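Novice: input04.json is reproduced below (JSON, C-alpha atoms).
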```json
[["chain", "number", "residue", "atom", "x", "y", "z"],
["A", 1, "MET", "CA", -12.58, 7.57, -4.28],
["A", 2, "ILE", "CA", -13.26, 9.90, -1.34],
["A", 3, "LEU", "CA", -12.20, 8.53, 2.02],
["A", 4, "PRO", "CA", -14.36, 9.26, 5.07],
["A", 5, "LEU", "CA", -12.65, 11.34, 7.76],
["A", 6, "THR", "CA", -15.10, 10.39, 10.51],
["A", 7, "PRO", "CA", -13.23, 8.00, 12.85],
["A", 8, "SER", "CA", -16.16, 5.57, 13.03],
["A", 9, "GLU", "CA", -16.25, 5.30, 9.22],
["A", 10, "ASN", "CA", -12.60, 5.49, 8.17],
["A", 11, "LEU", "CA", -11.19, 1.96, 7.81],
["A", 12, "ILE", "CA", -7.96, 2.65, 9.69],
["A", 13, "THR", "CA", -9.55, 4.35, 12.68],
["A", 14, "ARG", "CA", -12.59, 2.05, 12.79],
["A", 15, "THR", "CA", -10.22, -0.93, 12.83],
["A", 16, "ALA", "CA", -8.26, 0.64, 15.68],
["A", 17, "MET", "CA", -11.48, 1.35, 17.60],
["A", 18, "TYR", "CA", -12.58, -2.27, 17.20],
["A", 19, "ILE", "CA", -9.22, -3.61, 18.41],
["A", 20, "ALA", "CA", -9.32, -1.33, 21.44],
["A", 21, "ALA", "CA", -12.92, -2.24, 22.31],
["A", 22, "VAL", "CA", -12.48, -5.99, 21.93],
["A", 23, "ASN", "CA", -9.52, -5.71, 24.32],
["A", 24, "HIS", "CA", -11.70, -3.80, 26.85],
["A", 25, "THR", "CA", -10.10, -0.41, 26.44],
["A", 26, "ALA", "CA", -10.42, 2.69, 24.27],
["A", 27, "LEU", "CA", -8.13, 4.72, 22.07],
["A", 28, "PRO", "CA", -6.59, 7.71, 23.86],
["A", 29, "PRO", "CA", -7.30, 11.20, 22.47],
["A", 30, "MET", "CA", -5.09, 11.87, 19.46],
["A", 31, "ASN", "CA", -4.64, 13.91, 16.33],
["A", 32, "LEU", "CA", -4.10, 11.50, 13.46],
["A", 33, "HIS", "CA", -2.47, 12.37, 10.13],
["A", 34, "ILE", "CA", -2.58, 9.64, 7.49],
["A", 35, "ASP", "CA", -0.20, 9.74, 4.53],
["A", 36, "ASN", "CA", -1.18, 6.85, 2.27],
["A", 37, "PRO", "CA", 0.62, 6.61, -1.11],
["A", 38, "ILE", "CA", -1.24, 3.44, -2.18],
["A", 39, "PRO", "CA", -3.75, 4.18, -4.97],
["A", 40, "LEU", "CA", -7.26, 3.19, -3.90],
["A", 41, "GLY", "CA", -9.57, 0.83, -5.75],
["A", 42, "ARG", "CA", -6.79, -0.33, -8.07],
["A", 43, "GLY", "CA", -6.03, -3.88, -6.92],
["A", 44, "LEU", "CA", -2.99, -2.91, -4.86],
["A", 45, "GLY", "CA", -4.18, -4.04, -1.44],
["A", 46, "SER", "CA", -4.98, -0.60, -0.03],
["A", 47, "SER", "CA", -7.72, -1.95, 2.25],
["A", 48, "GLY", "CA", -5.42, -4.65, 3.59],
["A", 49, "ALA", "CA", -2.73, -2.06, 4.34],
["A", 50, "ALA", "CA", -5.33, 0.11, 6.09],
["A", 51, "VAL", "CA", -6.40, -2.81, 8.28],
["A", 52, "VAL", "CA", -2.79, -3.53, 9.25],
["A", 53, "ALA", "CA", -2.26, 0.16, 10.06],
["A", 54, "GLY", "CA", -5.38, 0.23, 12.24],
["A", 55, "VAL", "CA", -4.44, -2.91, 14.16],
["A", 56, "ILE", "CA", -0.91, -1.64, 14.84],
["A", 57, "LEU", "CA", -2.23, 1.80, 15.81],
["A", 58, "ALA", "CA", -4.48, 0.28, 18.47],
["A", 59, "ASP", "CA", -1.77, -2.09, 19.69],
["A", 60, "GLN", "CA", 0.68, 0.76, 20.22],
["A", 61, "ALA", "CA", -1.70, 3.49, 21.37],
["A", 62, "CYS", "CA", -3.40, 1.20, 23.90],
["A", 63, "ARG", "CA", -0.18, -0.61, 24.85],
["A", 64, "LEU", "CA", -1.66, -4.04, 24.20],
["A", 65, "HIS", "CA", 1.75, -5.62, 23.47],
["A", 66, "MET", "CA", 0.30, -8.16, 21.04],
["A", 67, "SER", "CA", 2.58, -10.66, 19.31],
["A", 68, "LYS", "CA", 2.89, -10.54, 15.53],
["A", 69, "GLU", "CA", 0.83, -13.74, 15.36],
["A", 70, "LYS", "CA", -2.02, -12.13, 17.30],
["A", 71, "LEU", "CA", -1.81, -8.96, 15.20],
["A", 72, "LEU", "CA", -2.17, -11.17, 12.13],
["A", 73, "ASP", "CA", -5.13, -13.03, 13.67],
["A", 74, "TYR", "CA", -7.06, -9.77, 14.00],
["A", 75, "CYS", "CA", -6.04, -8.62, 10.51],
["A", 76, "LEU", "CA", -7.33, -11.89, 9.07],
["A", 77, "LEU", "CA", -10.66, -11.61, 10.87],
["A", 78, "ILE", "CA", -11.20, -8.02, 9.71],
["A", 79, "GLU", "CA", -10.09, -8.54, 6.09],
["A", 80, "GLY", "CA", -11.52, -12.06, 5.79],
["A", 81, "HIS", "CA", -8.60, -13.50, 3.80],
["A", 82, "PRO", "CA", -4.79, -13.52, 4.05],
["A", 83, "ASP", "CA", -3.83, -12.36, 0.55],
["A", 84, "ASN", "CA", -2.87, -8.75, 1.31],
["A", 85, "VAL", "CA", -2.71, -8.36, 5.08],
["A", 86, "THR", "CA", -0.06, -11.05, 5.49],
["A", 87, "ALA", "CA", 2.41, -9.40, 3.13],
["A", 88, "SER", "CA", 1.59, -5.93, 4.52],
["A", 89, "LEU", "CA", 2.27, -7.05, 8.09],
["A", 90, "ILE", "CA", 5.10, -9.55, 7.55],
["A", 91, "GLY", "CA", 6.77, -7.98, 4.51],
["A", 92, "GLY", "CA", 8.44, -9.30, 1.41],
["A", 93, "PHE", "CA", 7.19, -12.10, -0.84],
["A", 94, "CYS", "CA", 4.68, -14.17, 1.14],
["A", 95, "SER", "CA", 2.42, -17.12, 0.50],
["A", 96, "SER", "CA", -0.30, -17.72, 3.07],
["A", 97, "TYR", "CA", -3.53, -19.49, 3.93],
["A", 98, "LEU", "CA", -6.13, -19.65, 6.69],
["A", 99, "ALA", "CA", -5.72, -22.65, 8.99],
["A", 100, "VAL", "CA", -9.07, -21.83, 10.63],
["A", 101, "SER", "CA", -12.02, -20.24, 8.84],
["A", 102, "VAL", "CA", -12.98, -16.72, 9.93],
["A", 103, "GLU", "CA", -15.96, -16.50, 7.57],
["A", 104, "ALA", "CA", -18.57, -16.27, 10.33],
["A", 105, "GLU", "CA", -16.63, -13.76, 12.43],
["A", 106, "HIS", "CA", -15.78, -11.62, 9.39],
["A", 107, "ALA", "CA", -19.44, -11.54, 8.30],
["A", 108, "GLU", "CA", -20.53, -10.62, 11.84],
["A", 109, "LEU", "CA", -18.05, -7.75, 12.06],
["A", 110, "HIS", "CA", -18.98, -6.54, 8.58],
["A", 111, "ALA", "CA", -22.67, -6.55, 9.57],
["A", 112, "LEU", "CA", -21.90, -4.44, 12.65],
["A", 113, "SER", "CA", -19.96, -1.97, 10.51],
["A", 114, "LYS", "CA", -22.82, -1.66, 8.01],
["A", 115, "LYS", "CA", -25.21, -0.87, 10.86],
["A", 116, "LYS", "CA", -22.68, 1.74, 12.09],
["A", 117, "LEU", "CA", -22.96, 0.42, 15.63],
["A", 118, "SER", "CA", -20.50, 1.81, 18.15],
["A", 119, "PHE", "CA", -17.82, -0.59, 19.31],
["A", 120, "ASP", "CA", -17.92, 1.20, 22.67],
["A", 121, "ASP", "CA", -21.49, 0.01, 23.27],
["A", 122, "ALA", "CA", -21.25, -2.68, 25.93],
["A", 123, "SER", "CA", -24.43, -4.30, 24.61],
["A", 124, "VAL", "CA", -22.75, -5.06, 21.28],
["A", 125, "ALA", "CA", -21.02, -8.46, 21.25],
["A", 126, "LEU", "CA", -17.84, -8.13, 19.22],
["A", 127, "PRO", "CA", -16.46, -11.11, 17.27],
["A", 128, "ILE", "CA", -12.96, -12.30, 18.15],
["A", 129, "PRO", "CA", -10.55, -14.60, 16.28],
["A", 130, "PRO", "CA", -11.85, -18.19, 16.65],
["A", 131, "ALA", "CA", -8.42, -19.52, 17.62],
["A", 132, "ILE", "CA", -4.82, -18.49, 18.18],
["A", 133, "ASN", "CA", -2.48, -18.34, 15.19],
["A", 134, "ILE", "CA", -5.18, -18.86, 12.58],
["A", 135, "GLY", "CA", -2.96, -17.82, 9.68],
["A", 136, "ARG", "CA", -0.05, -19.73, 8.16],
["A", 137, "TYR", "CA", 2.53, -18.13, 5.93],
["A", 138, "VAL", "CA", 5.96, -18.48, 4.39],
["A", 139, "GLN", "CA", 8.17, -15.48, 3.63],
["A", 140, "TRP", "CA", 10.15, -16.45, 0.56],
["A", 141, "PRO", "CA", 13.67, -15.16, -0.25],
["A", 142, "ILE", "CA", 12.78, -13.56, -3.58],
["A", 143, "SER", "CA", 15.72, -12.87, -5.85],
["A", 144, "PRO", "CA", 17.23, -9.44, -5.07],
["A", 145, "SER", "CA", 17.48, -8.76, -8.80],
["A", 146, "ILE", "CA", 13.68, -8.67, -9.21],
["A", 147, "ARG", "CA", 11.69, -5.45, -8.96],
["A", 148, "ALA", "CA", 8.00, -4.84, -9.45],
["A", 149, "VAL", "CA", 6.65, -2.40, -12.01],
["A", 150, "THR", "CA", 3.07, -1.44, -11.22],
["A", 151, "ILE", "CA", 1.19, 0.43, -13.92],
["A", 152, "VAL", "CA", -1.85, 2.13, -12.43],
["A", 153, "PRO", "CA", -4.63, 3.42, -14.71],
["A", 154, "GLN", "CA", -6.64, 6.49, -13.75],
["A", 155, "PHE", "CA", -9.87, 4.61, -13.15],
["A", 156, "GLU", "CA", -11.10, 2.39, -10.35],
["A", 157, "LEU", "CA", -12.48, -1.14, -10.52],
["A", 158, "SER", "CA", -14.73, -2.36, -7.75],
["A", 159, "THR", "CA", -13.50, -5.60, -6.20],
["A", 160, "HIS", "CA", -17.16, -6.64, -5.89],
["A", 161, "LEU", "CA", -17.66, -6.15, -9.64],
["A", 162, "ALA", "CA", -14.40, -7.92, -10.49],
["A", 163, "ARG", "CA", -15.43, -10.91, -8.38],
["A", 164, "SER", "CA", -18.96, -10.99, -9.76],
["A", 165, "VAL", "CA", -17.79, -11.88, -13.29],
["A", 166, "LEU", "CA", -15.93, -14.99, -12.12],
["A", 167, "PRO", "CA", -17.64, -18.38, -12.62],
["A", 168, "GLN", "CA", -19.01, -20.40, -9.72],
["A", 169, "SER", "CA", -17.01, -23.46, -10.83],
["A", 170, "TYR", "CA", -14.02, -24.19, -13.06],
["A", 171, "PRO", "CA", -13.00, -27.02, -15.36],
["A", 172, "ARG", "CA", -10.58, -29.36, -13.62],
["A", 173, "ALA", "CA", -8.01, -28.84, -16.36],
["A", 174, "ASP", "CA", -7.94, -25.07, -15.72],
["A", 175, "VAL", "CA", -7.40, -25.56, -11.99],
["A", 176, "VAL", "CA", -4.60, -28.05, -12.63],
["A", 177, "PHE", "CA", -3.06, -25.60, -15.13],
["A", 178, "ASN", "CA", -2.79, -22.88, -12.47],
["A", 179, "LEU", "CA", -1.70, -25.13, -9.61],
["A", 180, "GLN", "CA", 1.14, -26.62, -11.65],
["A", 181, "ARG", "CA", 2.43, -23.18, -12.59],
["A", 182, "LEU", "CA", 2.05, -21.77, -9.08],
["A", 183, "ALA", "CA", 4.27, -24.50, -7.67],
["A", 184, "VAL", "CA", 6.97, -23.66, -10.22],
["A", 185, "LEU", "CA", 6.56, -19.87, -9.96],
["A", 186, "THR", "CA", 7.16, -19.70, -6.21],
["A", 187, "SER", "CA", 10.54, -21.40, -6.50],
["A", 188, "ALA", "CA", 11.50, -19.73, -9.78],
["A", 189, "LEU", "CA", 11.20, -16.26, -8.26],
["A", 190, "CYS", "CA", 13.71, -17.22, -5.57],
["A", 191, "THR", "CA", 16.53, -18.38, -7.82],
["A", 192, "GLU", "CA", 19.74, -16.35, -7.95],
["A", 193, "THR", "CA", 19.38, -15.79, -11.70],
["A", 194, "PRO", "CA", 15.64, -15.70, -12.52],
["A", 195, "SER", "CA", 14.64, -17.33, -15.81],
["A", 196, "ALA", "CA", 12.32, -15.21, -17.96],
["A", 197, "ASP", "CA", 11.19, -18.26, -19.93],
["A", 198, "LEU", "CA", 10.29, -20.18, -16.78],
["A", 199, "ILE", "CA", 8.63, -17.30, -14.92],
["A", 200, "TYR", "CA", 6.73, -15.85, -17.89],
["A", 201, "ASN", "CA", 5.07, -19.17, -18.62],
["A", 202, "ALA", "CA", 4.47, -19.89, -14.94],
["A", 203, "MET", "CA", 2.55, -16.59, -14.65],
["A", 204, "GLN", "CA", -0.01, -17.65, -17.26],
["A", 205, "ASP", "CA", -3.52, -17.95, -15.85],
["A", 206, "LYS", "CA", -6.86, -19.58, -16.62],
["A", 207, "LEU", "CA", -8.82, -18.74, -13.47],
["A", 208, "HIS", "CA", -9.49, -15.01, -13.46],
["A", 209, "GLN", "CA", -7.78, -12.75, -16.01],
["A", 210, "HIS", "CA", -9.69, -14.05, -19.04],
["A", 211, "TYR", "CA", -13.03, -13.49, -17.29],
["A", 212, "ARG", "CA", -12.12, -9.95, -16.24],
["A", 213, "GLN", "CA", -10.43, -8.68, -19.39],
["A", 214, "HIS", "CA", -13.57, -6.90, -20.65],
["A", 215, "LEU", "CA", -13.51, -4.75, -17.49],
["A", 216, "VAL", "CA", -10.06, -3.31, -18.32],
["A", 217, "PRO", "CA", -9.68, -1.84, -21.83],
["A", 218, "GLY", "CA", -6.50, -2.97, -23.56],
["A", 219, "LEU", "CA", -5.82, -5.77, -21.08],
["A", 220, "PRO", "CA", -5.48, -8.63, -23.62],
["A", 221, "LYS", "CA", -2.77, -6.72, -25.51],
["A", 222, "ILE", "CA", -1.00, -5.78, -22.28],
["A", 223, "LEU", "CA", -0.91, -9.37, -21.06],
["A", 224, "SER", "CA", 0.49, -10.49, -24.43],
["A", 225, "LEU", "CA", 3.69, -8.43, -23.95],
["A", 226, "THR", "CA", 6.66, -10.80, -23.83],
["A", 227, "PRO", "CA", 10.30, -10.83, -22.66],
["A", 228, "LYS", "CA", 11.31, -11.00, -26.32],
["A", 229, "GLU", "CA", 9.66, -7.61, -26.95],
["A", 230, "LEU", "CA", 10.78, -6.15, -23.64],
["A", 231, "PRO", "CA", 14.14, -7.54, -22.45],
["A", 232, "GLY", "CA", 14.27, -7.71, -18.66],
["A", 233, "LEU", "CA", 10.57, -8.57, -18.33],
["A", 234, "LEU", "CA", 9.96, -11.78, -16.39],
["A", 235, "GLY", "CA", 6.18, -11.87, -16.34],
["A", 236, "ILE", "CA", 3.08, -9.72, -16.40],
["A", 237, "CYS", "CA", -0.36, -10.04, -14.82],
["A", 238, "VAL", "CA", -3.31, -8.23, -13.31],
["A", 239, "SER", "CA", -2.59, -7.01, -9.78],
["A", 240, "GLY", "CA", -5.23, -8.36, -7.41],
["A", 241, "ALA", "CA", -8.70, -7.80, -8.84],
["A", 242, "GLY", "CA", -7.37, -5.04, -11.14],
["A", 243, "PRO", "CA", -7.23, -2.74, -12.93],
["A", 244, "THR", "CA", -3.53, -2.23, -12.09],
["A", 245, "VAL", "CA", -1.03, -4.28, -14.08],
["A", 246, "LEU", "CA", 1.94, -5.86, -12.30],
["A", 247, "ALA", "CA", 5.14, -6.65, -14.18],
["A", 248, "LEU", "CA", 8.09, -8.43, -12.60],
["A", 249, "ALA", "CA", 11.43, -7.57, -14.15],
["A", 250, "THR", "CA", 15.19, -7.54, -13.65],
["A", 251, "SER", "CA", 15.95, -4.52, -15.89],
["A", 252, "ASN", "CA", 14.43, -2.12, -18.41],
["A", 253, "PHE", "CA", 11.84, -1.11, -15.81],
["A", 254, "GLU", "CA", 10.94, 2.28, -17.27],
["A", 255, "ALA", "CA", 10.53, 0.88, -20.79],
["A", 256, "ILE", "CA", 8.17, -1.79, -19.47],
["A", 257, "GLY", "CA", 6.08, 0.78, -17.64],
["A", 258, "LYS", "CA", 5.93, 3.04, -20.69],
["A", 259, "ALA", "CA", 4.96, 0.16, -23.00],
["A", 260, "VAL", "CA", 1.88, -0.56, -20.89],
["A", 261, "GLN", "CA", 1.08, 3.15, -20.67],
["A", 262, "GLN", "CA", 1.17, 3.40, -24.45],
["A", 263, "ILE", "CA", -1.33, 0.56, -24.85],
["A", 264, "TRP", "CA", -3.69, 2.27, -22.43],
["A", 265, "ARG", "CA", -3.33, 5.56, -24.30],
["A", 266, "GLU", "CA", -4.50, 3.70, -27.41],
["A", 267, "ASN", "CA", -7.69, 2.67, -25.58],
["A", 268, "VAL", "CA", -10.52, 4.80, -24.21],
["A", 269, "GLY", "CA", -12.14, 4.68, -20.80],
["A", 270, "ALA", "CA", -15.75, 5.13, -19.76],
["A", 271, "ASP", "CA", -15.41, 8.89, -20.39],
["A", 272, "GLY", "CA", -14.49, 8.27, -24.02],
["A", 273, "LYS", "CA", -10.96, 9.64, -23.53],
["A", 274, "PRO", "CA", -7.59, 7.85, -23.79],
["A", 275, "ILE", "CA", -6.70, 6.13, -20.52],
["A", 276, "ASP", "CA", -4.04, 7.92, -18.50],
["A", 277, "SER", "CA", -1.84, 5.95, -16.13],
["A", 278, "GLU", "CA", 1.22, 6.16, -13.91],
["A", 279, "TYR", "CA", 3.88, 3.57, -13.29],
["A", 280, "TYR", "CA", 5.98, 2.88, -10.21],
["A", 281, "VAL", "CA", 9.16, 0.82, -9.94],
["A", 282, "LEU", "CA", 9.07, -0.87, -6.54],
["A", 283, "ASP", "CA", 11.41, -2.96, -4.40],
["A", 284, "PHE", "CA", 10.40, -5.85, -2.16],
["A", 285, "ILE", "CA", 10.67, -4.72, 1.47],
["A", 286, "ARG", "CA", 11.25, -7.67, 3.78],
["A", 287, "GLU", "CA", 10.73, -6.02, 7.16],
["A", 288, "GLY", "CA", 6.97, -5.53, 6.88],
["A", 289, "ALA", "CA", 4.93, -3.14, 8.99],
["A", 290, "THR", "CA", 6.86, -1.15, 11.59],
["A", 291, "TRP", "CA", 6.06, 1.35, 14.31],
["A", 292, "GLU", "CA", 8.33, 4.30, 14.97],
["A", 293, "CYS", "CA", 7.78, 6.75, 17.79],
["A", 294, "LYS", "CA", 9.36, 10.20, 17.58],
["A", 295, "ASP", "CA", 9.34, 13.09, 20.03],
["A", 296, "VAL", "CA", 7.83, 16.23, 18.53]]
```
Once you've parsed the file, please lay out its structure as structure tokens.

Specialist:
Amino acid sequence: MILPLTPSENLITRTAMYIAAVNHTALPPMNLHIDNPIPLGRGLGSSGAAVVAGVILADQACRLHMSKEKLLDYCLLIEGHPDNVTASLIGGFCSSYLAVSVEAEHAELHALSKKKLSFDDASVALPIPPAINIGRYVQWPISPSIRAVTIVPQFELSTHLARSVLPQSYPRADVVFNLQRLAVLTSALCTETPSADLIYNAMQDKLHQHYRQHLVPGLPKILSLTPKELPGLLGICVSGAGPTVLALATSNFEAIGKAVQQIWRENVGADGKPIDSEYYVLDFIREGATWECKDV
């Protein structure tokens, strides 16, 4: 994926320009260097992180002094849902939901972006959050013994495509299956000594992974890996819309990453070649997004 460098097209700078304009100001002249280690188009929330970066950039550069709640309100409007922006802004292990719908405002802003209209144009009416504190979240005290192993294949998967293969409705039993396990999973991840049996079974899914498995070669075999085969593994799933795989573990992190890599090497991608991948062993960072100003 090639990122646009034009400020009006890059997601970070366009977000910052929107925040400045909707607050009746403009970004000051600046040279901006972006160092983004998050792989793009892999189901790791890169767009949500970019939105958070753009909102904070505008808040600091324009000295808007927005509260964290107001920062989140704008992030939610721009992204349209809380799944990634909440954790990126707040930090740590978060669950969240929208208390007020931003569907109309999000669609309006997206339409303006598609038309490439300038946010500085006074004739353009910019959407604003429909209320104050439209997002609700809980930051959970995840067990300090848990780390995340993300295994990232060297191919992208469009979120639009991944969503398009999902059904319009689900059997009630499948929805109940997931809701029951979600309630258990949230608490199980916060215990002092996480239970692999409890967490592995609570991470089973009937709402999206089965429908998307044909989009990611080798995925059924990857998701069938168990704590018995890989001691230290707690659970394994698709990260976001995919194709990245997320494994939660308390030990044996490198072996878990390499096991998934091996399965991908045994499968071929669209180019007919074995699928290459990289894995990262990550900690949960509780402090969330921060701004640091240094004299240069």

Novice: Let me make sure I understand: among A:Val176, A:Ala111, A:Leu27, A:Ile90, which one has the smallest atom-to-atom distance to A:Val138 if we use all atoms listed in the file?

Specialist: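 Closest to A:Val138, using all atoms listed in the file: A:Ile90.
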
Novice: Find the residues near A:Gly240: any atom within 12 Å, counting all atoms listed in the file, skip ones fewer than 6 places away on the same chain, and give them as a list in words.

Specialist: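 Those residues are Gly41, Arg42, Gly43, Leu44, Gly45, Ser46, Ser47, Gly48, Asp83, Asn84, Thr150, Leu157, Ser158, Thr159, Ala162, Arg163, His208, Gln209, Arg212 and Leu246 of chain A.
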
Novice: Suppose you want the space between atom CA of A:Gln180 and atom CA of A:Leu161; what is it in Å?

Specialist: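 Distance reported for this atom pair: 27.9 Å.
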
Novice: Quick one, how far is atom CA of A:Lys221 from atom CA of A:Pro144?

Specialist: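 Atom-to-atom, atom CA of A:Lys221 to atom CA of A:Pro144, that is 28.7 Å.
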
Novice: For A:Ile134, please output as a PyMOL selection string all residues within 8 Å (counting only C-alpha atoms; exclusion window: fewer than 5 positions along the same chain).

Specialist: chain A and resi 73+98-101+129

Novice: My list of candidates is A:Ala50, A:Leu112, A:Leu179, A:Val55. Which is closest to A:Ala16 when distances are computed with all atoms listed in the file?

Specialist: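 For A:Ala16, the nearest of the given residues is A:Val55.
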
Novice: Which residues are close to A:Ser277, i.e. within 10 Å by only C-alpha atoms, leaving aside same-chain residues fewer than 2 positions away? Reply as a PyMOL selection string.

Specialist: chain A and resi 151-155+244+257-258+260-262+264-265+274-275+279

Novice: I need the chosen residues saved as an mmCIF file, in the frame of the given file, with C-alpha atoms.

Specialist:
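out_28.cif, freshly written:
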```
data_model
loop_
_atom_site.group_PDB
_atom_site.id
_atom_site.type_symbol
_atom_site.label_atom_id
_atom_site.label_comp_id
_atom_site.auth_asym_id
_atom_site.auth_seq_id
_atom_site.Cartn_x
_atom_site.Cartn_y
_atom_site.Cartn_z
ATOM 1 C CA ILE A 151 1.190 0.430 -13.920
ATOM 2 C CA VAL A 152 -1.850 2.130 -12.430
ATOM 3 C CA PRO A 153 -4.630 3.420 -14.710
ATOM 4 C CA GLN A 154 -6.640 6.490 -13.750
ATOM 5 C CA PHE A 155 -9.870 4.610 -13.150
ATOM 6 C CA THR A 244 -3.530 -2.230 -12.090
ATOM 7 C CA GLY A 257 6.080 0.780 -17.640
ATOM 8 C CA LYS A 258 5.930 3.040 -20.690
ATOM 9 C CA VAL A 260 1.880 -0.560 -20.890
ATOM 10 C CA GLN A 261 1.080 3.150 -20.670
ATOM 11 C CA GLN A 262 1.170 3.400 -24.450
ATOM 12 C CA TRP A 264 -3.690 2.270 -22.430
ATOM 13 C CA ARG A 265 -3.330 5.560 -24.300
ATOM 14 C CA PRO A 274 -7.590 7.850 -23.790
ATOM 15 C CA ILE A 275 -6.700 6.130 -20.520
ATOM 16 C CA TYR A 279 3.880 3.570 -13.290
#
```

Novice: Take every atom of stretch 160-164 of chain A listed in the file, pad by 6 Å on each side, and give me the axis-aligned box centre and edge lengths in Å, one decimal, as JSON.

Specialist:
```
{"center_x": -16.7, "center_y": -8.6, "center_z": -8.2, "size_x": 16.6, "size_y": 16.8, "size_z": 16.6}
```
